[in-house]
Every structure is written in C-alpha cells, then in structure tokens.
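Enquirer: Below is my_file.pdb; it holds PDB, C-alpha atoms and all ligand atoms.
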ATOM      1  CA  MET I   1     310.864 101.032 235.981
ATOM      2  CA  GLU I   2     313.387  98.624 234.511
ATOM      3  CA  TYR I   3     316.942  98.365 235.837
ATOM      4  CA  LYS I   4     319.538  96.366 233.913
ATOM      5  CA  ILE I   5     322.647  95.023 235.635
ATOM      6  CA  THR I   6     325.364  94.057 233.162
ATOM      7  CA  GLY I   7     328.892  92.675 233.473
ATOM      8  CA  LYS I   8     330.145  96.259 233.284
ATOM      9  CA  THR I   9     327.798  97.806 235.830
ATOM     10  CA  GLN I  10     329.700  99.835 238.395
ATOM     11  CA  LEU I  11     328.819  99.671 242.074
ATOM     12  CA  ILE I  12     328.172 102.640 244.339
ATOM     13  CA  CYS I  13     326.866 102.071 247.844
ATOM     14  CA  LEU I  14     326.020 103.352 251.299
ATOM     15  CA  LEU I  15     327.827 102.190 254.433
ATOM     16  CA  ALA I  16     325.737 103.048 257.486
ATOM     17  CA  SER I  17     324.046 101.495 260.484
ATOM     18  CA  PRO I  18     321.099 101.452 260.383
ATOM     19  CA  SER I  19     320.863 101.613 256.601
ATOM     20  CA  SER I  20     317.592 100.065 255.476
ATOM     21  CA  HIS I  21     315.573 103.310 255.886
ATOM     22  CA  SER I  22     317.812 105.209 253.469
ATOM     23  CA  ILE I  23     316.281 106.799 250.384
ATOM     24  CA  SER I  24     319.679 107.157 248.682
ATOM     25  CA  PRO I  25     319.182 103.924 246.653
ATOM     26  CA  ILE I  26     315.903 105.269 245.236
ATOM     27  CA  MET I  27     317.451 108.663 244.503
ATOM     28  CA  HIS I  28     320.568 107.421 242.756
ATOM     29  CA  ASN I  29     319.123 104.403 240.942
ATOM     30  CA  SER I  30     316.274 106.452 239.493
ATOM     31  CA  ALA I  31     318.796 109.059 238.300
ATOM     32  CA  PHE I  32     321.135 106.412 236.803
ATOM     33  CA  ASN I  33     318.179 104.882 235.028
ATOM     34  CA  LYS I  34     316.882 108.205 233.740
ATOM     35  CA  LEU I  35     320.291 109.129 232.295
ATOM     36  CA  ASN I  36     321.047 105.575 231.076
ATOM     37  CA  LEU I  37     324.164 105.330 233.231
ATOM     38  CA  ASP I  38     325.540 101.853 233.941
ATOM     39  CA  TYR I  39     325.804 102.134 237.730
ATOM     40  CA  THR I  40     323.842 100.604 240.563
ATOM     41  CA  TYR I  41     323.487 101.847 244.152
ATOM     42  CA  LEU I  42     323.044  99.525 247.124
ATOM     43  CA  SER I  43     322.732 100.115 250.850
ATOM     44  CA  PHE I  44     324.766  98.031 253.336
ATOM     45  CA  ASP I  45     324.388  97.818 257.096
ATOM     46  CA  CYS I  46     327.922  98.536 258.258
ATOM     47  CA  GLY I  47     328.962 100.169 261.511
ATOM     48  CA  LYS I  48     332.380 101.246 262.755
ATOM     49  CA  ASP I  49     333.379  97.656 263.638
ATOM     50  CA  LYS I  50     333.149  96.501 259.990
ATOM     51  CA  LEU I  51     334.155  99.733 258.277
ATOM     52  CA  ARG I  52     337.865  99.019 257.785
ATOM     53  CA  ASP I  53     337.191  95.691 256.059
ATOM     54  CA  ALA I  54     334.333  97.145 254.009
ATOM     55  CA  VAL I  55     336.481 100.007 252.653
ATOM     56  CA  LYS I  56     339.341  97.587 251.924
ATOM     57  CA  GLY I  57     336.946  95.337 250.012
ATOM     58  CA  LEU I  58     335.383  98.181 248.029
ATOM     59  CA  ARG I  59     338.841  99.408 247.082
ATOM     60  CA  ALA I  60     339.866  95.873 246.043
ATOM     61  CA  ILE I  61     336.898  95.421 243.705
ATOM     62  CA  ASN I  62     337.346  98.955 242.328
ATOM     63  CA  CYS I  63     333.918 100.185 243.431
ATOM     64  CA  ARG I  64     333.357 103.694 241.943
ATOM     65  CA  GLY I  65     332.495 105.211 245.299
ATOM     66  CA  PHE I  66     330.322 105.183 248.365
ATOM     67  CA  ASN I  67     328.363 107.274 250.842
ATOM     68  CA  LEU I  68     328.789 107.263 254.588
ATOM     69  CA  SER I  69     326.142 108.006 257.148
ATOM     70  CA  MET I  70     325.869 107.517 260.888
ATOM     71  CA  PRO I  71     328.099 106.366 262.591
ATOM     72  CA  ASN I  72     330.866 106.359 259.965
ATOM     73  CA  LYS I  73     331.358 109.937 258.750
ATOM     74  CA  THR I  74     334.440 110.681 260.845
ATOM     75  CA  GLU I  75     335.617 107.112 261.376
ATOM     76  CA  VAL I  76     336.140 106.544 257.640
ATOM     77  CA  ILE I  77     338.764 109.305 257.331
ATOM     78  CA  LYS I  78     341.645 107.100 258.488
ATOM     79  CA  TYR I  79     340.987 104.638 255.637
ATOM     80  CA  LEU I  80     341.090 107.274 252.847
ATOM     81  CA  ASP I  81     343.955 108.735 250.780
ATOM     82  CA  LYS I  82     342.832 112.340 250.306
ATOM     83  CA  LEU I  83     340.211 114.790 251.599
ATOM     84  CA  SER I  84     338.435 117.753 249.982
ATOM     85  CA  PRO I  85     338.830 121.090 251.831
ATOM     86  CA  ALA I  86     335.245 120.897 253.176
ATOM     87  CA  ALA I  87     335.765 117.319 254.423
ATOM     88  CA  GLU I  88     339.064 118.247 256.035
ATOM     89  CA  LEU I  89     337.671 121.329 257.755
ATOM     90  CA  SER I  90     334.536 119.604 259.014
ATOM     91  CA  ASN I  91     336.417 116.386 259.887
ATOM     92  CA  SER I  92     333.514 114.529 258.323
ATOM     93  CA  VAL I  93     333.038 112.611 255.046
ATOM     94  CA  ASN I  94     329.717 111.598 253.487
ATOM     95  CA  THR I  95     330.957 110.775 249.963
ATOM     96  CA  VAL I  96     334.006 108.860 248.708
ATOM     97  CA  VAL I  97     335.199 108.731 245.101
ATOM     98  CA  ASN I  98     337.528 105.965 243.950
ATOM     99  CA  ASP I  99     339.813 107.060 241.108
ATOM    100  CA  ASN I 100     341.745 103.936 240.132
ATOM    101  CA  GLY I 101     342.468 102.951 243.710
ATOM    102  CA  VAL I 102     342.843 106.467 245.159
ATOM    103  CA  LEU I 103     340.037 107.145 247.629
ATOM    104  CA  THR I 104     339.103 110.807 248.108
ATOM    105  CA  GLY I 105     336.655 111.858 250.809
ATOM    106  CA  TYR I 106     334.215 114.735 250.286
ATOM    107  CA  ASN I 107     331.493 116.290 252.372
ATOM    108  CA  THR I 108     328.472 117.314 250.309
ATOM    109  CA  ASP I 109     326.127 117.906 253.289
ATOM    110  CA  GLY I 110     327.078 121.568 253.658
ATOM    111  CA  ALA I 111     326.837 122.301 249.936
ATOM    112  CA  GLY I 112     323.549 120.354 249.857
ATOM    113  CA  TYR I 113     322.143 122.536 252.636
ATOM    114  CA  MET I 114     323.234 125.757 250.944
ATOM    115  CA  LEU I 115     321.724 124.615 247.625
ATOM    116  CA  SER I 116     318.470 123.717 249.363
ATOM    117  CA  LEU I 117     318.251 127.321 250.643
ATOM    118  CA  LYS I 118     318.938 128.606 247.151
ATOM    119  CA  GLN I 119     316.168 126.409 245.758
ATOM    120  CA  GLU I 120     313.826 128.055 248.281
ATOM    121  CA  GLY I 121     314.916 131.505 247.077
ATOM    122  CA  VAL I 122     316.827 132.215 250.297
ATOM    123  CA  ASP I 123     320.051 134.209 250.007
ATOM    124  CA  ILE I 124     321.961 134.264 253.291
ATOM    125  CA  ILE I 125     325.283 135.462 251.950
ATOM    126  CA  GLY I 126     326.469 138.346 254.141
ATOM    127  CA  LYS I 127     323.845 137.526 256.771
ATOM    128  CA  LYS I 128     323.712 135.904 260.208
ATOM    129  CA  MET I 129     322.857 132.295 261.013
ATOM    130  CA  THR I 130     322.181 130.502 264.302
ATOM    131  CA  ILE I 131     322.748 126.751 264.423
ATOM    132  CA  LEU I 132     321.235 124.493 267.095
ATOM    133  CA  GLY I 133     323.520 121.471 267.541
ATOM    134  CA  ALA I 134     327.217 120.923 266.876
ATOM    135  CA  GLY I 135     327.482 117.427 265.386
ATOM    136  CA  GLY I 136     328.660 116.292 261.942
ATOM    137  CA  ALA I 137     325.894 117.998 259.968
ATOM    138  CA  ALA I 138     326.301 121.247 261.920
ATOM    139  CA  ALA I 139     330.055 121.233 261.223
ATOM    140  CA  ALA I 140     329.514 120.631 257.499
ATOM    141  CA  ILE I 141     326.943 123.449 257.275
ATOM    142  CA  CYS I 142     329.129 125.808 259.285
ATOM    143  CA  VAL I 143     332.132 125.154 256.989
ATOM    144  CA  GLN I 144     330.176 125.620 253.763
ATOM    145  CA  ALA I 145     328.216 128.637 254.998
ATOM    146  CA  ALA I 146     331.451 130.337 256.096
ATOM    147  CA  LEU I 147     333.224 129.503 252.811
ATOM    148  CA  ASP I 148     330.199 130.716 250.808
ATOM    149  CA  GLY I 149     330.149 134.096 252.574
ATOM    150  CA  VAL I 150     327.741 133.967 255.509
ATOM    151  CA  ARG I 151     328.846 136.882 257.744
ATOM    152  CA  GLU I 152     328.252 135.496 261.221
ATOM    153  CA  ILE I 153     327.391 132.090 262.694
ATOM    154  CA  SER I 154     326.356 131.354 266.286
ATOM    155  CA  ILE I 155     326.369 127.700 267.319
ATOM    156  CA  PHE I 156     324.549 126.347 270.378
ATOM    157  CA  ASN I 157     325.164 122.968 271.993
ATOM    158  CA  ARG I 158     325.298 121.509 275.465
ATOM    159  CA  LYS I 159     328.818 121.045 276.867
ATOM    160  CA  GLY I 160     330.354 117.689 275.929
ATOM    161  CA  ASN I 161     332.036 115.915 273.029
ATOM    162  CA  SER I 162     330.264 117.716 270.169
ATOM    163  CA  TYR I 163     330.898 121.072 271.821
ATOM    164  CA  ASN I 164     334.626 120.343 272.261
ATOM    165  CA  ARG I 165     334.970 118.934 268.755
ATOM    166  CA  ILE I 166     333.394 121.913 267.001
ATOM    167  CA  GLU I 167     335.372 124.342 269.150
ATOM    168  CA  LYS I 168     338.559 123.041 267.498
ATOM    169  CA  ILE I 169     337.035 123.114 264.002
ATOM    170  CA  ILE I 170     335.916 126.751 264.411
ATOM    171  CA  ASP I 171     339.519 127.932 264.799
ATOM    172  CA  GLU I 172     340.409 126.278 261.496
ATOM    173  CA  ILE I 173     337.363 127.660 259.649
ATOM    174  CA  VAL I 174     337.942 131.273 260.688
ATOM    175  CA  LYS I 175     341.523 131.037 259.405
ATOM    176  CA  LYS I 176     340.150 130.200 255.939
ATOM    177  CA  ALA I 177     336.920 132.211 255.738
ATOM    178  CA  ASN I 178     335.864 135.769 256.389
ATOM    179  CA  CYS I 179     333.220 134.821 258.951
ATOM    180  CA  THR I 180     332.725 135.382 262.666
ATOM    181  CA  ILE I 181     331.805 132.143 264.429
ATOM    182  CA  LYS I 182     330.784 131.990 268.088
ATOM    183  CA  LEU I 183     330.061 128.920 270.179
ATOM    184  CA  PHE I 184     327.615 128.996 273.119
ATOM    185  CA  ASN I 185     326.356 126.570 275.724
ATOM    186  CA  THR I 186     322.650 125.900 275.016
ATOM    187  CA  GLU I 187     321.984 126.174 278.747
ATOM    188  CA  ASN I 188     322.700 129.896 278.408
ATOM    189  CA  GLU I 189     319.158 130.819 277.420
ATOM    190  CA  ASN I 190     319.723 134.581 277.423
ATOM    191  CA  SER I 191     322.460 134.217 274.775
ATOM    192  CA  LEU I 192     320.254 131.944 272.710
ATOM    193  CA  ASP I 193     317.411 134.464 272.733
ATOM    194  CA  ALA I 194     319.785 137.326 271.907
ATOM    195  CA  GLU I 195     321.508 135.514 269.029
ATOM    196  CA  VAL I 196     318.276 134.231 267.466
ATOM    197  CA  SER I 197     316.704 137.662 267.634
ATOM    198  CA  LYS I 198     319.672 139.090 265.650
ATOM    199  CA  SER I 199     319.697 136.231 263.095
ATOM    200  CA  ASP I 200     318.334 135.980 259.571
ATOM    201  CA  ILE I 201     318.117 132.190 259.684
ATOM    202  CA  LEU I 202     317.800 129.579 262.418
ATOM    203  CA  VAL I 203     318.655 125.956 261.669
ATOM    204  CA  ASN I 204     318.076 122.919 263.855
ATOM    205  CA  THR I 205     320.691 120.191 263.376
ATOM    206  CA  THR I 206     319.818 118.169 266.487
ATOM    207  CA  PRO I 207     317.574 115.091 266.356
ATOM    208  CA  VAL I 208     315.048 116.879 268.605
ATOM    209  CA  GLY I 209     311.826 116.864 266.600
ATOM    210  CA  MET I 210     312.179 113.393 265.101
ATOM    211  CA  LYS I 211     311.289 110.020 266.609
ATOM    212  CA  PRO I 212     311.399 109.395 269.559
ATOM    213  CA  LEU I 213     311.579 113.150 270.293
ATOM    214  CA  GLU I 214     308.893 114.256 267.818
ATOM    215  CA  GLU I 215     306.812 115.961 270.522
ATOM    216  CA  ARG I 216     309.708 118.184 271.558
ATOM    217  CA  CYS I 217     310.716 121.557 270.113
ATOM    218  CA  SER I 218     314.443 122.141 269.599
ATOM    219  CA  LEU I 219     313.995 125.802 270.586
ATOM    220  CA  ARG I 220     312.821 126.308 274.162
ATOM    221  CA  ASN I 221     311.533 129.879 273.862
ATOM    222  CA  ILE I 222     309.335 130.040 270.772
ATOM    223  CA  GLU I 223     308.338 133.603 271.673
ATOM    224  CA  ILE I 224     311.579 134.845 270.060
ATOM    225  CA  LEU I 225     310.421 133.632 266.639
ATOM    226  CA  ARG I 226     309.490 136.547 264.380
ATOM    227  CA  PRO I 227     308.109 136.601 260.814
ATOM    228  CA  GLU I 228     311.378 137.880 259.244
ATOM    229  CA  LEU I 229     313.302 134.855 260.584
ATOM    230  CA  ILE I 230     313.765 131.900 258.215
ATOM    231  CA  VAL I 231     313.539 128.652 260.176
ATOM    232  CA  SER I 232     314.949 125.419 258.824
ATOM    233  CA  ASP I 233     315.249 121.933 260.230
ATOM    234  CA  LEU I 234     317.470 119.155 258.855
ATOM    235  CA  ILE I 235     314.805 116.638 259.835
ATOM    236  CA  TYR I 236     312.455 115.586 257.024
ATOM    237  CA  ILE I 237     310.488 112.854 258.798
ATOM    238  CA  PRO I 238     308.188 114.268 260.071
ATOM    239  CA  SER I 239     308.036 116.811 257.265
ATOM    240  CA  LYS I 240     307.053 119.499 259.790
ATOM    241  CA  THR I 241     308.772 119.234 263.152
ATOM    242  CA  LYS I 242     307.407 120.990 266.228
ATOM    243  CA  LEU I 243     309.939 123.779 265.580
ATOM    244  CA  LEU I 244     308.710 124.262 262.007
ATOM    245  CA  TYR I 245     305.088 124.039 263.108
ATOM    246  CA  GLU I 246     305.573 126.778 265.735
ATOM    247  CA  ALA I 247     307.642 128.900 263.335
ATOM    248  CA  GLU I 248     304.968 128.674 260.656
ATOM    249  CA  LYS I 249     302.362 129.826 263.188
ATOM    250  CA  LYS I 250     304.556 132.885 263.876
ATOM    251  CA  GLY I 251     304.670 133.705 260.154
ATOM    252  CA  CYS I 252     308.231 132.499 259.460
ATOM    253  CA  LYS I 253     309.282 130.920 256.186
ATOM    254  CA  ILE I 254     310.019 127.270 257.004
ATOM    255  CA  ILE I 255     312.274 124.745 255.244
ATOM    256  CA  ASN I 256     312.622 121.059 256.157
ATOM    257  CA  GLY I 257     315.568 118.723 255.448
ATOM    258  CA  LEU I 258     314.286 117.078 252.276
ATOM    259  CA  GLY I 259     315.930 119.644 250.010
ATOM    260  CA  MET I 260     319.283 119.171 251.725
ATOM    261  CA  LEU I 261     318.976 115.405 251.337
ATOM    262  CA  LEU I 262     318.275 115.798 247.650
ATOM    263  CA  TRP I 263     321.038 118.318 246.920
ATOM    264  CA  GLN I 264     323.762 116.554 248.936
ATOM    265  CA  GLY I 265     322.885 113.489 246.827
ATOM    266  CA  ALA I 266     323.033 115.527 243.625
ATOM    267  CA  LYS I 267     326.530 116.752 244.516
ATOM    268  CA  ALA I 268     327.699 113.196 245.254
ATOM    269  CA  PHE I 269     326.133 111.933 242.005
ATOM    270  CA  GLU I 270     328.109 114.527 240.068
ATOM    271  CA  LEU I 271     331.355 113.530 241.783
ATOM    272  CA  TRP I 272     330.889 109.867 240.832
ATOM    273  CA  THR I 273     329.463 110.198 237.324
ATOM    274  CA  GLY I 274     330.552 113.639 236.106
ATOM    275  CA  LYS I 275     326.882 114.245 235.192
ATOM    276  CA  GLU I 276     324.258 116.496 236.678
ATOM    277  CA  MET I 277     321.586 114.623 238.592
ATOM    278  CA  PRO I 278     318.072 115.224 237.169
ATOM    279  CA  VAL I 279     317.122 116.733 240.521
ATOM    280  CA  TYR I 280     313.486 117.640 239.845
ATOM    281  CA  TYR I 281     312.804 114.217 238.305
ATOM    282  CA  VAL I 282     314.289 112.547 241.395
ATOM    283  CA  GLN I 283     312.375 114.888 243.703
ATOM    284  CA  ASP I 284     309.174 113.801 242.020
ATOM    285  CA  ILE I 285     310.022 110.138 242.568
ATOM    286  CA  ILE I 286     310.821 110.781 246.225
ATOM    287  CA  ASN I 287     307.483 112.542 246.655
ATOM    288  CA  LYS I 288     305.636 109.700 244.916
ATOM    289  CA  ASN I 289     307.309 107.224 247.284
ATOM    290  CA  ARG I 290     305.941 109.417 250.137
ATOM    291  CA  ILE I 291     309.251 109.902 251.878
TER     292      ILE I 291
HETATM  293  P1  LIG J   1     325.399 113.951 265.146
HETATM  294  O1  LIG J   1     326.762 114.140 264.592
HETATM  295  O2  LIG J   1     325.119 112.796 266.054
HETATM  296  O3  LIG J   1     325.033 115.322 265.927
HETATM  297  C1  LIG J   1     323.851 115.472 266.659
HETATM  298  C2  LIG J   1     323.871 116.815 267.397
HETATM  299  O4  LIG J   1     322.651 116.978 268.096
HETATM  300  C3  LIG J   1     324.980 116.945 268.426
HETATM  301  O5  LIG J   1     325.397 118.267 268.520
HETATM  302  C4  LIG J   1     324.274 116.518 269.715
HETATM  303  O6  LIG J   1     324.861 117.072 270.866
HETATM  304  C5  LIG J   1     322.903 117.109 269.504
HETATM  305  N1  LIG J   1     321.877 116.366 270.223
HETATM  306  C6  LIG J   1     321.638 115.035 270.173
HETATM  307  N2  LIG J   1     320.588 114.721 270.963
HETATM  308  C7  LIG J   1     320.173 115.892 271.530
HETATM  309  C8  LIG J   1     319.156 116.229 272.445
HETATM  310  N3  LIG J   1     318.310 115.294 272.945
HETATM  311  N4  LIG J   1     319.019 117.517 272.827
HETATM  312  C9  LIG J   1     319.840 118.470 272.346
HETATM  313  N5  LIG J   1     320.836 118.212 271.472
HETATM  314  C10 LIG J   1     320.992 116.929 271.081
HETATM  315  O7  LIG J   1     324.337 113.845 263.991
HETATM  316  P2  LIG J   1     324.348 114.585 262.575
HETATM  317  O8  LIG J   1     324.923 113.679 261.540
HETATM  318  O9  LIG J   1     324.912 115.930 262.747
HETATM  319  O10 LIG J   1     322.770 114.669 262.271
HETATM  320  C11 LIG J   1     321.973 115.555 263.020
HETATM  321  C12 LIG J   1     320.544 115.588 262.499
HETATM  322  O11 LIG J   1     320.546 116.050 261.157
HETATM  323  C13 LIG J   1     319.856 114.230 262.476
HETATM  324  O12 LIG J   1     318.508 114.437 262.794
HETATM  325  C14 LIG J   1     319.993 113.783 261.035
HETATM  326  O13 LIG J   1     318.958 112.911 260.658
HETATM  327  C15 LIG J   1     319.901 115.111 260.296
HETATM  328  N6  LIG J   1     320.589 115.132 259.003
HETATM  329  C16 LIG J   1     319.851 115.432 257.886
HETATM  330  C17 LIG J   1     320.457 115.480 256.648
HETATM  331  C18 LIG J   1     319.635 115.816 255.439
HETATM  332  O14 LIG J   1     320.098 115.583 254.296
HETATM  333  N7  LIG J   1     318.458 116.383 255.593
HETATM  334  C19 LIG J   1     321.850 115.232 256.515
HETATM  335  C20 LIG J   1     322.576 114.947 257.685
HETATM  336  C21 LIG J   1     321.938 114.907 258.929
HETATM  337  P3  LIG J   1     325.569 116.104 271.952
HETATM  338  O15 LIG J   1     326.736 115.489 271.259
HETATM  339  O16 LIG J   1     325.914 117.019 273.051
HETATM  340  O17 LIG J   1     324.536 115.056 272.299
END
Please re-express this file's structure in structure tokens.

Expert:
Amino acid sequence: MEYKITGKTQLICLLASPSSHSISPIMHNSAFNKLNLDYTYLSFDCGKDKLRDAVKGLRAINCRGFNLSMPNKTEVIKYLDKLSPAAELSNSVNTVVNDNGVLTGYNTDGAGYMLSLKQEGVDIIGKKMTILGAGGAAAAICVQAALDGVREISIFNRKGNSYNRIEKIIDEIVKKANCTIKLFNTENENSLDAEVSKSDILVNTTPVGMKPLEERCSLRNIEILRPELIVSDLIYIPSKTKLLYEAEKKGCKIINGLGMLLWQGAKAFELWTGKEMPVYYVQDIINKNRI
C-alpha cells in the first residue's frame, strides 16, 4: 500500500502512554488511503506531564485533530475550548477536532460500543444492562446507552475513586435521559447476582481478562450466566477473555471489544474528515494484521 505525504497533508494523531501498541494508525491511514484523503495519522507517546505542551503545539500548527487514550482522556479537558454533550456528561474525551483554532472534545467510545452491538444484531433499547467497572469507558457507555434509550443500567465497582467519580456523573445523566441507573459495590455479591439475572446484557469494562490478568474472570459467579444473556467484553486481546469463554460455554451470545474499537474510530474519522469510514474494508485490514 502506497502512502503519499505532500506539503498539504494534514496531521491527525494519538496522544497516549503507552502508544506504540495502538492500531489507530493502521485503521485511519488505511481509510485515508482508500478514500484518497490527504491526511496522515501518527501515534505519539505522551502522558499527562507532556499533555499541555503537546495540545498547545498541535493547536499552533493547526493539526486537524487528535485522539486521546490512557491516561489523558479526562486530563485533556482543561486544554480544550468546547465539549460535546457526551464528552461533558462522561467527563472524558477520546477525540478532538480543531476548527481553525477552536478545539472541541468528543467522546466516541460510547457511540462506538452501541454501534458494535448494532453490527452484531443486538437491540438493547428499552432493555436492562449491567456494567462491570466504572472507569472512563464505563462512563462513556453509560452516557450513550442512557441517551439512546436503554431502560435500566446497573454499574458495579469496588469503592474508591472510580466509584465516587461515576456516582457524580450518574446524577447528571439521569437529569438528561429517561433511564434508571444504579451503582453497587462489587463486593456485594448478592446484588451482582440479582442484577445480572435480570439483565439482557452484561458488559465487562475492567481490565480483568487481559494481560497480566488474562487467567481471571471479571464475573465471580459464572453460574448466573444463562443463554438469553448477551455477554460483551471491551477487551479484544485476547479475542476471547475468560468471561467470554465461560459465557460461550453457557450458550450466551458473546461480543468482544474489536467492534467497539472499530466503530469509535469510524465516528472520530467522520468528525475529522466529514466522510464515512469504509468500516468493512478497515475491519478486513485489521483482521489481516492479526490484531
Ligand atoms: P479506566 O478508566 O482505568 O477504568 C478501569 C475500571 O476497571 C475502573 O472502574 C477500575 O476500578 C476497574 N478495575 C481496574 N482494575 C481492576 C481489577 N483488578 N479488578 C476489578 N476492577 C478493576 O480504564 P478505561 O479507559 O475505562 O478502560 C477499561 C478497559 O476497557 C480496558 O481494558 C481498555 O483496554 C478497554 N477499552 C476498550 C475500548 C475498545 O475500543 N474496545 C475502548 C476503551 C477502553 P478502580 O478504579 O476501582 O480500580
């Protein structure tokens, strides 16, 4: 595949730490190339300590936009001019668009997750969801699911910073969406069993199931899994976490995080270029690169 950089090529990039494992450069550059768009996407190792200077520099050179990943999704907010409703509600930004010096922060993770369910033929509008974890991705999914019309969401996390942070966000979401959202301490196993058994979909948003925790299952009591429950995991390496493996054995439909990764990227691509990403073409390239 041939990429041409010209004097007019516009830069889009990722600011994260670590950053070298990211597949966003492959996703976006293959899509730019396919559509003959004069952009290039690079990945930069940048943590919170360098973020202020990096954003200032990208604004100065009129970079078209950038993505944020760990640990920058909340930190970046103070350097931006505007926020989309989803970014504001979730207090988390994964995509920035620069319109002639005005930096607007968006969060496409939630929309990406919802689109990945749609791609799998799953309609959870009006239904009940249980979320394991309460970090940035959980907040983004909770916001989008509530705005899209999910009826009830139960979130489980251990007590601590993530728990306290999402507790505040929940109040704001319920003011704007017709959704019941309840927060539980994961240690309360009876509640977890009860909520999962009443749910249509269970989603793991914790890193339990990926390296170095790949031997662990994010759900302690796998006996509550039943064939009608859809089980999804945001992790995509490994492609089948212990949770998904156990759920599949119980007859559940399982969905890993690759679709979310693809669709959050597609949403960001559209924000920067105004064009639809050739999603299935990009998906093919990702699969060929064995990601
Ligand atoms: P995050 O903000 O750091 O949140 C992580 C959450 O998991 C927190 O609620 C945290 O709770 C909990 N957690 C961490 N370690 C745990 C453990 N050992 N046991 C139980 N809970 C634990 O991270 P994030 O950005 O939300 O990302 C979460 C996961 O989603 C990661 O695996 C990430 O790779 C994945 N992700 C995938 C996509 C995709 O496109 N597929 C997009 C975004 C994220 P405490 O704060 O209490 O530790």

Enquirer: Show me which residues sit within 8 Å of ligand LIG 1 (chain J) when counting all atoms listed in the file, and put them as a PyMOL selection string.

Expert: chain I and resi 69-71+73+109+112-113+132-139+157-163+204-208+210+213+218+233-236+256-264

Enquirer: Between I:Ile166, I:Met277, I:Ala247, I:Leu115, which has the minimum distance to Leu202 (chain I) (counting all atoms listed in the file)?

Expert: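 Smallest separation from Leu202 (chain I) among the options: I:Ala247.
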
Enquirer: So, counting all atoms listed in the file, which residue among I:Ile61, I:Ile224, I:Leu11, I:Val122 is closest to Gly101 (chain I)?

Expert: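 Checking each candidate against Gly101 (chain I), we get I:Ile61 as the closest.
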
Enquirer: Take the PyMOL selection byres (((chain I and resi 17) around 7) and not hetatm), apply it to the structure above, and return the hits as a ChimeraX atom specification.

Expert: /I:16,18-19,45-47,70-71

Enquirer: Starting from the PyMOL selection byres (((chain I and resi 12) around 10) and not hetatm), expand the selection into actual residues of this file and give them as a PyMOL selection string.

Expert: chain I and resi 9-11+13-14+25+28-29+39-43+58+63-67+96-98+269+272

Enquirer: The PyMOL selection byres (((chain I and resi 74) around 8) and not hetatm) - which residues does that actually catch in the file I just gave you? List them as an mmCIF file with C-alpha atoms, in the coordinates of the input.

Expert:
data_model
loop_
_atom_site.group_PDB
_atom_site.id
_atom_site.type_symbol
_atom_site.label_atom_id
_atom_site.label_comp_id
_atom_site.auth_asym_id
_atom_site.auth_seq_id
_atom_site.Cartn_x
_atom_site.Cartn_y
_atom_site.Cartn_z
ATOM 1 C CA PRO I 71 328.099 106.366 262.591
ATOM 2 C CA ASN I 72 330.866 106.359 259.965
ATOM 3 C CA LYS I 73 331.358 109.937 258.750
ATOM 4 C CA GLU I 75 335.617 107.112 261.376
ATOM 5 C CA VAL I 76 336.140 106.544 257.640
ATOM 6 C CA ILE I 77 338.764 109.305 257.331
ATOM 7 C CA ASN I 91 336.417 116.386 259.887
ATOM 8 C CA SER I 92 333.514 114.529 258.323
ATOM 9 C CA VAL I 93 333.038 112.611 255.046
#

Enquirer: Which of these residues is nearest to Ile153 (chain I), using only C-alpha atoms: I:Ser199, I:Thr95, I:Ser116, I:Asn188?

Expert: I:Ser199

Enquirer: Taking into account all atoms listed in the file, which residue in the set I:Ile5, I:Ile181, I:Leu68, I:Ile23 is nearest to Ile237 (chain I)?

Expert: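 The closest residue to Ile237 (chain I) is I:Ile23.
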
Enquirer: Could you give me the axis-aligned bounding box of region 101-118 of chain I, with 5 Å of padding per side, as centre plus edge lengths in Å to one decimal, as AutoDock Vina command-line options?

Expert:
--center_x 330.5 --center_y 115.8 --center_z 248.7 --size_x 34.6 --size_y 35.7 --size_z 19.9

Enquirer: From the options I:Ser191, I:Asn221, I:Thr104, I:Gln283, which residue's atoms come nearest to Ile155 (chain I), counting all atoms listed in the file?

Expert: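 The shortest atom-to-atom distance to Ile155 (chain I) comes from I:Ser191.
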
Enquirer: One decimal, in Å: what's the spacing between CA of Pro227 (chain I) and CA of Ser197 (chain I)?

Expert: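 Between CA of Pro227 (chain I) and CA of Ser197 (chain I) the gap is 11.0 Å.
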
Enquirer: What's the separation between CA of Asp148 (chain I) and CA of Leu219 (chain I), in Å to one decimal place?

Expert: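 Here the two named atoms are 26.0 Å from each other.
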
Enquirer: In Å, with one decimal, what is the gap from CA of Val203 (chain I) to CA of Val150 (chain I)?

Expert: 13.6 Å

Enquirer: Would you mind listing what lies within 10 Å of Lys176 (chain I) as a list in words, with all atoms listed in the file counted and same-chain residues fewer than 2 positions away left out?

Expert: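 Counting only the stated atoms, we get Leu89, Val143, Ala146, Leu147, Asp171, Glu172, Ile173, Val174, Asn178 and Cys179 of chain I.
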
Enquirer: So, with only C-alpha atoms as the atoms that count, which of I:Ser22, I:Ser90, I:Ile201, I:Leu192 lies closest to Glu167 (chain I)?

Expert: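 Result for the nearest residue to Glu167 (chain I): I:Ser90.
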